>>> print(open('data-v2.csv').read())   # CSV, C-alpha atoms
chain,number,residue,atom,x,y,z
A,1,MET,CA,142.3,-93.8,42.9
A,2,ARG,CA,142.8,-97.2,44.5
A,3,GLY,CA,146.1,-98.9,43.9
A,4,VAL,CA,148.3,-95.9,43.3
A,5,THR,CA,151.3,-96.1,45.7
A,6,GLY,CA,154.1,-95.6,43.3
A,7,ARG,CA,154.6,-94.5,39.7
A,8,LEU,CA,151.4,-93.8,37.7
A,9,MET,CA,151.4,-94.0,33.9
A,10,LEU,CA,148.6,-92.2,32.1
A,11,LEU,CA,148.0,-93.0,28.4
A,12,ASP,CA,146.5,-90.5,26.0
A,13,THR,CA,144.9,-93.5,24.4
A,14,ALA,CA,143.5,-91.9,21.2
A,15,SER,CA,146.8,-90.1,20.5
A,16,LEU,CA,148.6,-93.5,20.8
A,17,TYR,CA,146.1,-95.6,18.7
A,18,PHE,CA,146.2,-92.9,15.9
A,19,ARG,CA,150.0,-93.3,15.9
A,20,ALA,CA,149.7,-97.1,15.9
A,21,TYR,CA,147.3,-96.9,13.0
A,22,PHE,CA,149.6,-94.8,10.9
A,23,GLY,CA,152.7,-96.7,12.0
A,24,VAL,CA,151.6,-100.3,11.5
A,25,PRO,CA,150.7,-101.4,8.0
A,26,ASP,CA,147.0,-102.0,7.3
A,27,SER,CA,147.9,-105.4,6.0
A,28,VAL,CA,147.8,-106.5,9.6
A,29,LYS,CA,144.3,-108.0,9.7
A,30,ALA,CA,142.0,-110.2,11.7
A,31,PRO,CA,141.0,-113.7,10.3
A,32,ASP,CA,137.9,-112.1,8.6
A,33,GLY,CA,140.1,-109.5,6.8
A,34,THR,CA,139.3,-106.6,9.1
A,35,PRO,CA,142.4,-104.4,9.7
A,36,VAL,CA,143.6,-104.6,13.3
A,37,ASN,CA,146.8,-102.5,12.9
A,38,ALA,CA,145.7,-99.9,15.5
A,39,VAL,CA,144.7,-102.6,18.0
A,40,ARG,CA,147.9,-104.6,17.7
A,41,GLY,CA,150.1,-101.5,17.4
A,42,LEU,CA,148.6,-100.1,20.7
A,43,LEU,CA,149.2,-103.5,22.5
A,44,ASP,CA,152.8,-103.4,21.3
A,45,PHE,CA,153.1,-99.8,22.6
A,46,ILE,CA,151.7,-100.7,26.0
A,47,ASP,CA,154.1,-103.8,26.2
A,48,ARG,CA,157.1,-101.6,25.5
A,49,LEU,CA,156.0,-98.8,27.9
A,50,VAL,CA,155.5,-101.3,30.7
A,51,LYS,CA,158.8,-103.1,30.0
A,52,ASP,CA,160.8,-99.9,29.8
A,53,HIS,CA,159.2,-97.8,32.6
A,54,ARG,CA,157.7,-100.4,35.0
A,55,PRO,CA,154.7,-98.3,36.3
A,56,ASP,CA,152.9,-99.5,39.4
A,57,ALA,CA,149.6,-98.1,38.1
A,58,LEU,CA,148.3,-97.6,34.5
A,59,VAL,CA,145.3,-95.8,33.2
A,60,ALA,CA,144.1,-95.7,29.5
A,61,CYS,CA,142.5,-92.2,29.4
A,62,MET,CA,139.8,-91.8,26.8
A,63,ASP,CA,138.0,-88.9,25.0
A,64,ALA,CA,134.4,-89.3,26.2
A,65,ASP,CA,133.9,-86.0,24.4
A,66,TRP,CA,136.7,-85.0,22.0
A,67,ARG,CA,135.2,-81.4,21.6
A,68,PRO,CA,133.4,-80.3,24.7
A,69,GLN,CA,130.7,-77.8,24.3
A,70,TRP,CA,132.0,-75.6,27.1
A,71,ARG,CA,135.2,-75.1,25.1
A,72,VAL,CA,133.4,-74.5,21.8
A,73,GLU,CA,131.2,-71.8,23.5
A,74,LEU,CA,134.4,-69.9,24.4
A,75,ILE,CA,136.2,-70.4,21.1
A,76,PRO,CA,133.8,-71.6,18.3
A,77,SER,CA,136.7,-72.6,16.0
A,78,TYR,CA,138.0,-75.1,18.6
A,79,LYS,CA,138.6,-78.3,16.6
A,80,ALA,CA,135.8,-77.3,14.2
A,81,HIS,CA,137.8,-78.5,11.1
A,82,ARG,CA,137.8,-82.0,12.5
A,83,VAL,CA,134.0,-82.4,12.8
A,84,ALA,CA,132.9,-85.1,10.4
A,85,GLU,CA,129.2,-84.8,11.3
A,86,GLU,CA,127.3,-82.5,13.7
A,87,ARG,CA,124.9,-84.2,16.1
A,88,ALA,CA,121.9,-82.7,17.9
A,89,ALA,CA,122.5,-84.8,21.0
A,90,GLY,CA,125.9,-85.9,22.3
A,91,PRO,CA,129.3,-85.1,20.9
A,92,ASP,CA,129.8,-84.3,17.2
A,93,GLU,CA,131.4,-87.1,15.3
A,94,GLU,CA,135.2,-86.7,14.8
A,95,GLU,CA,136.8,-87.2,11.4
A,96,MET,CA,138.6,-90.5,11.5
A,97,PRO,CA,139.9,-92.9,8.9
A,98,ASP,CA,137.3,-95.5,7.8
A,99,THR,CA,139.4,-98.5,8.9
A,100,LEU,CA,140.3,-97.0,12.3
A,101,SER,CA,136.9,-96.2,13.8
A,102,PRO,CA,135.8,-99.9,13.8
A,103,GLN,CA,139.0,-100.8,15.7
A,104,VAL,CA,138.2,-98.4,18.7
A,105,PRO,CA,135.5,-100.7,20.3
A,106,VAL,CA,137.9,-103.6,19.9
A,107,ILE,CA,140.7,-101.7,21.7
A,108,GLU,CA,138.2,-100.8,24.5
A,109,ALA,CA,137.1,-104.5,24.9
A,110,VAL,CA,140.7,-105.8,25.0
A,111,LEU,CA,141.8,-103.2,27.6
A,112,ASP,CA,138.7,-104.1,29.7
A,113,ALA,CA,139.4,-107.9,29.4
A,114,LEU,CA,143.0,-107.3,30.4
A,115,GLY,CA,142.0,-105.4,33.4
A,116,ILE,CA,143.8,-102.2,32.4
A,117,ALA,CA,141.8,-99.2,33.9
A,118,ARG,CA,140.0,-97.3,31.1
A,119,VAL,CA,138.6,-93.9,32.1
A,120,GLY,CA,136.6,-91.4,30.0
A,121,VAL,CA,134.2,-88.8,31.6
A,122,GLU,CA,131.2,-87.3,29.8
A,123,GLY,CA,131.8,-83.7,28.8
A,124,TYR,CA,135.6,-83.9,29.0
A,125,GLU,CA,138.6,-84.8,26.8
A,126,ALA,CA,141.2,-87.4,27.7
A,127,ASP,CA,143.6,-84.4,28.5
A,128,ASP,CA,141.2,-83.4,31.3
A,129,VAL,CA,141.1,-86.9,32.7
A,130,ILE,CA,144.9,-86.9,32.6
A,131,GLY,CA,145.1,-83.5,34.3
A,132,THR,CA,142.8,-84.6,37.1
A,133,PHE,CA,144.6,-87.9,37.7
A,134,THR,CA,147.9,-86.0,37.7
A,135,ALA,CA,146.6,-83.4,40.2
A,136,ARG,CA,145.5,-86.2,42.6
A,137,ALA,CA,148.5,-88.4,42.3
A,138,LYS,CA,150.6,-89.0,45.4
A,139,GLY,CA,153.7,-90.2,43.6
A,140,PRO,CA,155.5,-89.6,40.3
A,141,VAL,CA,153.5,-89.5,37.0
A,142,ASP,CA,154.5,-90.5,33.4
A,143,ILE,CA,152.1,-89.0,30.8
A,144,VAL,CA,152.4,-90.8,27.4
A,145,THR,CA,151.1,-88.6,24.6
A,146,GLY,CA,151.9,-87.2,21.2
A,147,ASP,CA,150.1,-84.0,22.1
A,148,ARG,CA,152.2,-81.1,23.2
A,149,ASP,CA,149.3,-79.5,25.1
A,150,LEU,CA,150.1,-81.8,28.0
A,151,TYR,CA,153.5,-80.2,28.5
A,152,GLN,CA,151.6,-77.8,30.7
A,153,LEU,CA,151.5,-80.5,33.4
A,154,VAL,CA,155.2,-81.1,33.6
A,155,ASP,CA,156.4,-80.5,37.2
A,156,ASP,CA,159.9,-81.6,38.3
A,157,GLU,CA,159.1,-81.0,42.0
A,158,ARG,CA,156.2,-83.5,41.8
A,159,GLY,CA,158.0,-85.9,39.4
A,160,VAL,CA,155.5,-85.3,36.6
A,161,ARG,CA,157.0,-85.7,33.1
A,162,VAL,CA,155.7,-86.3,29.6
A,163,LEU,CA,156.9,-89.2,27.5
A,164,TYR,CA,156.5,-87.9,23.9
A,165,PRO,CA,156.8,-90.6,21.2
A,166,LEU,CA,159.3,-89.7,18.5
A,167,LYS,CA,159.3,-93.0,16.7
A,168,GLY,CA,156.8,-95.6,17.9
A,169,VAL,CA,157.3,-95.7,21.7
A,170,GLY,CA,160.8,-97.2,21.5
A,171,THR,CA,162.2,-93.6,21.2
A,172,LEU,CA,160.6,-91.3,23.7
A,173,GLN,CA,161.4,-87.7,24.4
A,174,LEU,CA,161.5,-87.4,28.2
A,175,THR,CA,160.0,-84.0,28.7
A,176,ASP,CA,160.9,-82.3,32.0
A,177,GLU,CA,161.2,-78.7,33.0
A,178,ALA,CA,164.9,-78.4,31.9
A,179,TRP,CA,163.9,-79.6,28.4
A,180,LEU,CA,160.9,-77.2,28.2
A,181,ARG,CA,163.1,-74.2,29.3
A,182,GLU,CA,165.7,-75.1,26.7
A,183,LYS,CA,163.2,-75.6,23.9
A,184,TYR,CA,160.6,-73.0,24.7
A,185,GLY,CA,162.0,-70.8,27.5
A,186,VAL,CA,159.1,-71.7,29.8
A,187,ASP,CA,158.4,-74.3,32.5
A,188,GLY,CA,155.3,-76.5,32.6
A,189,GLY,CA,153.1,-73.7,34.2
A,190,GLY,CA,154.2,-71.2,31.5
A,191,TYR,CA,153.4,-73.5,28.6
A,192,VAL,CA,149.6,-72.6,28.6
A,193,ASP,CA,150.5,-68.9,28.0
A,194,LEU,CA,152.9,-69.8,25.3
A,195,ALA,CA,150.5,-72.2,23.6
A,196,LEU,CA,147.5,-69.7,23.5
A,197,LEU,CA,149.7,-66.8,22.3
A,198,ARG,CA,151.2,-69.0,19.5
A,199,GLY,CA,147.9,-70.7,18.6
A,200,ASP,CA,147.5,-74.2,17.3
A,201,PRO,CA,146.0,-74.8,13.9
A,202,SER,CA,145.5,-78.5,14.6
A,203,ASP,CA,143.1,-77.6,17.5
A,204,GLY,CA,141.6,-74.6,15.7
A,205,LEU,CA,143.1,-72.1,18.2
A,206,PRO,CA,143.8,-68.9,16.3
A,207,GLY,CA,146.5,-67.5,18.7
A,208,VAL,CA,147.5,-63.8,18.5
A,209,PRO,CA,148.2,-62.9,14.8
A,210,GLY,CA,151.9,-62.1,14.3
A,211,ILE,CA,152.9,-63.6,17.6
A,212,GLY,CA,154.7,-66.9,16.8
A,213,GLU,CA,156.4,-69.3,19.2
A,214,LYS,CA,159.7,-67.4,19.4
A,215,THR,CA,158.0,-64.0,20.0
A,216,ALA,CA,155.7,-65.5,22.6
A,217,ALA,CA,158.7,-67.0,24.4
A,218,LYS,CA,160.5,-63.6,24.4
A,219,LEU,CA,157.5,-61.8,25.7
A,220,LEU,CA,157.0,-64.3,28.5
A,221,THR,CA,160.7,-64.0,29.4
A,222,GLU,CA,160.3,-60.2,29.5
A,223,PHE,CA,157.0,-59.9,31.3
A,224,GLY,CA,156.7,-63.1,33.3
A,225,ASP,CA,153.2,-64.4,32.2
A,226,LEU,CA,150.2,-63.6,30.1
A,227,ALA,CA,148.8,-61.1,32.7
A,228,GLY,CA,152.2,-59.3,32.7
A,229,ILE,CA,152.2,-59.1,28.9
A,230,MET,CA,148.6,-57.7,28.8
A,231,ALA,CA,149.6,-55.2,31.6
A,232,ALA,CA,152.5,-54.1,29.4
A,233,VAL,CA,150.1,-53.3,26.5
A,234,ASP,CA,148.6,-50.6,28.8
A,235,ASP,CA,152.0,-49.3,29.9
A,236,PRO,CA,153.4,-46.9,27.3
A,237,LYS,CA,156.9,-47.4,28.8
A,238,ALA,CA,156.9,-51.2,28.3
A,239,LYS,CA,159.2,-52.6,25.7
A,240,LEU,CA,156.7,-53.6,23.0
A,241,THR,CA,156.9,-52.8,19.4
A,242,PRO,CA,153.9,-50.8,18.0
A,243,SER,CA,152.7,-53.8,16.0
A,244,GLN,CA,152.9,-56.1,19.0
A,245,ARG,CA,151.0,-53.6,21.2
A,246,LYS,CA,148.3,-53.2,18.5
A,247,ARG,CA,147.9,-57.0,17.9
A,248,LEU,CA,147.8,-57.9,21.6
A,249,ASP,CA,145.3,-55.1,22.2
A,250,GLU,CA,143.1,-56.3,19.4
A,251,ALA,CA,143.3,-59.9,20.7
A,252,ARG,CA,141.9,-59.0,24.1
A,253,PRO,CA,138.6,-60.9,23.6
A,254,TYR,CA,140.5,-64.1,22.6
A,255,VAL,CA,143.1,-63.7,25.4
A,256,ALA,CA,140.3,-63.4,28.0
A,257,VAL,CA,138.8,-66.8,27.2
A,258,ALA,CA,141.7,-68.8,25.7
A,259,PRO,CA,143.3,-69.8,29.1
A,260,LYS,CA,140.2,-71.8,30.1
A,261,VAL,CA,140.1,-73.6,26.7
A,262,VAL,CA,143.9,-74.4,26.6
A,263,ARG,CA,144.3,-75.3,30.3
A,264,VAL,CA,143.4,-78.9,31.0
A,265,ALA,CA,140.7,-79.4,33.7
A,266,GLN,CA,142.0,-80.7,37.0
A,267,ASP,CA,138.6,-81.2,38.7
A,268,VAL,CA,136.9,-83.9,36.5
A,269,PRO,CA,134.6,-86.2,38.5
A,270,LEU,CA,136.7,-89.4,38.1
A,271,PRO,CA,135.0,-92.8,38.7
A,272,ASP,CA,136.5,-95.0,41.5
A,273,VAL,CA,138.7,-97.4,39.5
A,274,ASP,CA,141.4,-99.8,40.4
A,275,THR,CA,144.4,-98.3,38.6
A,276,ALA,CA,147.0,-101.0,39.7
A,277,LEU,CA,148.8,-102.6,36.8
A,278,PRO,CA,147.1,-106.0,36.3
A,279,HIS,CA,149.4,-109.1,36.5
A,280,THR,CA,146.7,-111.5,35.2
A,281,PRO,CA,143.7,-110.8,32.9
A,282,ARG,CA,140.4,-109.7,34.5
A,283,ASP,CA,138.4,-111.8,32.0
A,284,PRO,CA,140.6,-114.6,30.6
A,285,ALA,CA,137.8,-116.3,28.7
A,286,GLY,CA,136.7,-113.0,27.1
A,287,LEU,CA,140.3,-112.2,26.2
A,288,ASP,CA,140.8,-115.6,24.5
A,289,GLU,CA,137.7,-115.0,22.5
A,290,LEU,CA,138.8,-111.5,21.4
A,291,ALA,CA,142.3,-112.8,20.6
A,292,GLY,CA,140.9,-115.5,18.3
A,293,ARG,CA,138.3,-113.3,16.7
A,294,TRP,CA,140.7,-110.5,16.0
A,295,GLY,CA,143.9,-112.4,15.4
A,296,LEU,CA,145.8,-110.5,18.2
A,297,GLY,CA,148.5,-113.2,18.2
A,298,GLY,CA,152.0,-112.2,19.4
A,299,SER,CA,151.1,-108.6,20.3
A,300,LEU,CA,148.7,-109.8,23.0
A,301,GLN,CA,150.9,-112.7,24.1
A,302,ARG,CA,154.0,-110.5,24.6
A,303,LEU,CA,151.9,-108.0,26.7
A,304,LEU,CA,150.5,-110.8,28.9
A,305,VAL,CA,154.1,-112.1,29.5
A,306,THR,CA,155.3,-108.5,30.4
A,307,LEU,CA,152.3,-107.9,32.7
A,308,GLY,CA,152.9,-111.3,34.5
A,309,ALA,CA,156.6,-110.7,34.9
>>> encode(input="data-v2.csv", output="structure tokens")
Amino acid sequence: MRGVTGRLMLLDTASLYFRAYFGVPDSVKAPDGTPVNAVRGLLDFIDRLVKDHRPDALVACMDADWRPQWRVELIPSYKAHRVAEERAAGPDEEEMPDTLSPQVPVIEAVLDALGIARVGVEGYEADDVIGTFTARAKGPVDIVTGDRDLYQLVDDERGVRVLYPLKGVGTLQLTDEAWLREKYGVDGGGYVDLALLRGDPSDGLPGVPGIGEKTAAKLLTEFGDLAGIMAAVDDPKAKLTPSQRKRLDEARPYVAVAPKVVRVAQDVPLPDVDTALPHTPRDPAGLDELAGRWGLGGSLQRLLVTLGA
């Protein structure tokens, strides 16, 4: 990771361009009438994030594989409801609005022309790329995502926090360990156990039936972690209700594999990229061409001014 000497900002890019797509009207169009609301919305997001948080390094993390086979083999329902089309070779196609999917290559081309590092690794989700960059970072890390899964990386001691957009990116929830403890009763490390017990319908994770968020938090407070909870199932003296004991016992096959699915990878083979925040575009001519073709107007100009400041 060349160029990281200070604060590193990691973007969960798909999470942000989905938010931009639904937050910016689709009446925002290129000269040829193609909607570019996600492109311009994402540029506005990055402009605001750089202005407000002044990172020294910035990486747009991508989903090279939004539903890795190694996770599906452990839990077949993982993101299954979001498959638009199964493919024999390569990742299945993810369900995406018709007017969003053509904007993704434009987003990638604009980030590349700007010189903002863009990293996706075959066989891994953006979350895994974020997890690995975070593990390797020498300084503080800001993770920008609308996905609660990444709360597991929050670490006050290392200065790792999640910036969770509440409204656009102008209003961000700064998620640190104090916030996690107040909201969920766990710290970053305990969030994986909470998430897998509770389950997550949006990711096709079943969880343990009858164990919701509050019950999961109480059990973790009582028994420390997932291993402590499962040890309590075998201990007749442990304070578990009969129904909790039964449900946890029946969920053993799920509990055995879920941690590997829910925990983000921290050993992804990252390419050697320059993550330093660019002050001038890497490809000015290419950027001009993209700006004209896609009508990126004020959104791109504002970002260029902010990067150059």
>>> closest_residue(input="data-v2.csv", among="A:Leu10, A:Leu277, A:Ala258, A:Val264", to="Ala309 (chain A)", atoms="all atoms listed in the file")
A:Leu277
>>> atom_distance(input="data-v2.csv", atom1="CA of Asp193 (chain A)", atom2="CA of Lys138 (chain A)")
26.6 Å
>>> closest_residue(input="data-v2.csv", among="A:Ile46, A:Ala227, A:Thr171, A:Leu205", to="Arg302 (chain A)", atoms="all atoms listed in the file")
A:Ile46
>>> residues_around(input="data-v2.csv", residues="region 68-70 of chain A", least_positions_apart="3", cutoff="7 Å", atoms="all atoms listed in the file", output="ChimeraX atom specification")
/A:65,73-74,123-124
>>> write_last_selection(input="data-v2.csv", atoms="C-alpha atoms", output="PDB file, keeping the file's coordinate frame")
ATOM      1  CA  ASP A  65     133.900 -86.000  24.400  1.00  0.00           C
ATOM      2  CA  GLU A  73     131.200 -71.800  23.500  1.00  0.00           C
ATOM      3  CA  LEU A  74     134.400 -69.900  24.400  1.00  0.00           C
ATOM      4  CA  GLY A 123     131.800 -83.700  28.800  1.00  0.00           C
ATOM      5  CA  TYR A 124     135.600 -83.900  29.000  1.00  0.00           C
TER       6      TYR A 124
END
>>> atom_distance(input="data-v2.csv", atom1="CA of Lys183 (chain A)", atom2="CA of Val141 (chain A)")
21.4 Å
>>> residues_around(input="data-v2.csv", residues="region 151-161 of chain A", least_positions_apart="2", cutoff="9 Å", atoms="only C-alpha atoms", output="list in words")
Gly131, Thr134, Ala135, Lys138, Gly139, Pro140, Val141, Asp142, Ile143, Val144, Asp147, Arg148, Asp149, Leu163, Leu174, Thr175, Asp176, Glu177, Ala178, Leu180, Asp187, Gly188, Gly189, Gly190, Tyr191, Val192, Arg263 and Val264 of chain A
>>> residues_around(input="data-v2.csv", residues="Ile116 (chain A)", least_positions_apart="6", cutoff="7 Å", atoms="all atoms listed in the file", output="list in words")
Leu58, Val59, Leu277 and Pro278 of chain A
>>> closest_residue(input="data-v2.csv", among="A:His279, A:Lys218, A:Lys239, A:Arg40", to="Leu300 (chain A)", atoms="all atoms listed in the file")
A:Arg40
>>> residues_around(input="data-v2.csv", residues="Val169 (chain A)", least_positions_apart="3", cutoff="10 Å", atoms="all atoms listed in the file", output="PyMOL selection string")
chain A and resi 16+19-20+42+44-49+52+144-145+163-166+172-173
>>> residues_around(input="data-v2.csv", residues="Gly292 (chain A)", least_positions_apart="2", cutoff="12 Å", atoms="only C-alpha atoms", output="ChimeraX atom specification")
/A:29-32,110,285-290,294-298,300-301
>>> closest_residue(input="data-v2.csv", among="A:Asp272, A:Asp200, A:Glu108, A:Asp56", to="Tyr17 (chain A)", atoms="all atoms listed in the file")
A:Glu108
>>> closest_residue(input="data-v2.csv", among="A:Leu196, A:Leu240, A:Val268, A:Leu307", to="Val255 (chain A)", atoms="only C-alpha atoms")
A:Leu196
>>> closest_residue(input="data-v2.csv", among="A:Ser299, A:Thr280, A:Thr99, A:Thr34", to="Leu114 (chain A)", atoms="all atoms listed in the file")
A:Thr280
>>> atom_distance(input="data-v2.csv", atom1="CA of Lys79 (chain A)", atom2="CA of Val162 (chain A)")
22.9 Å
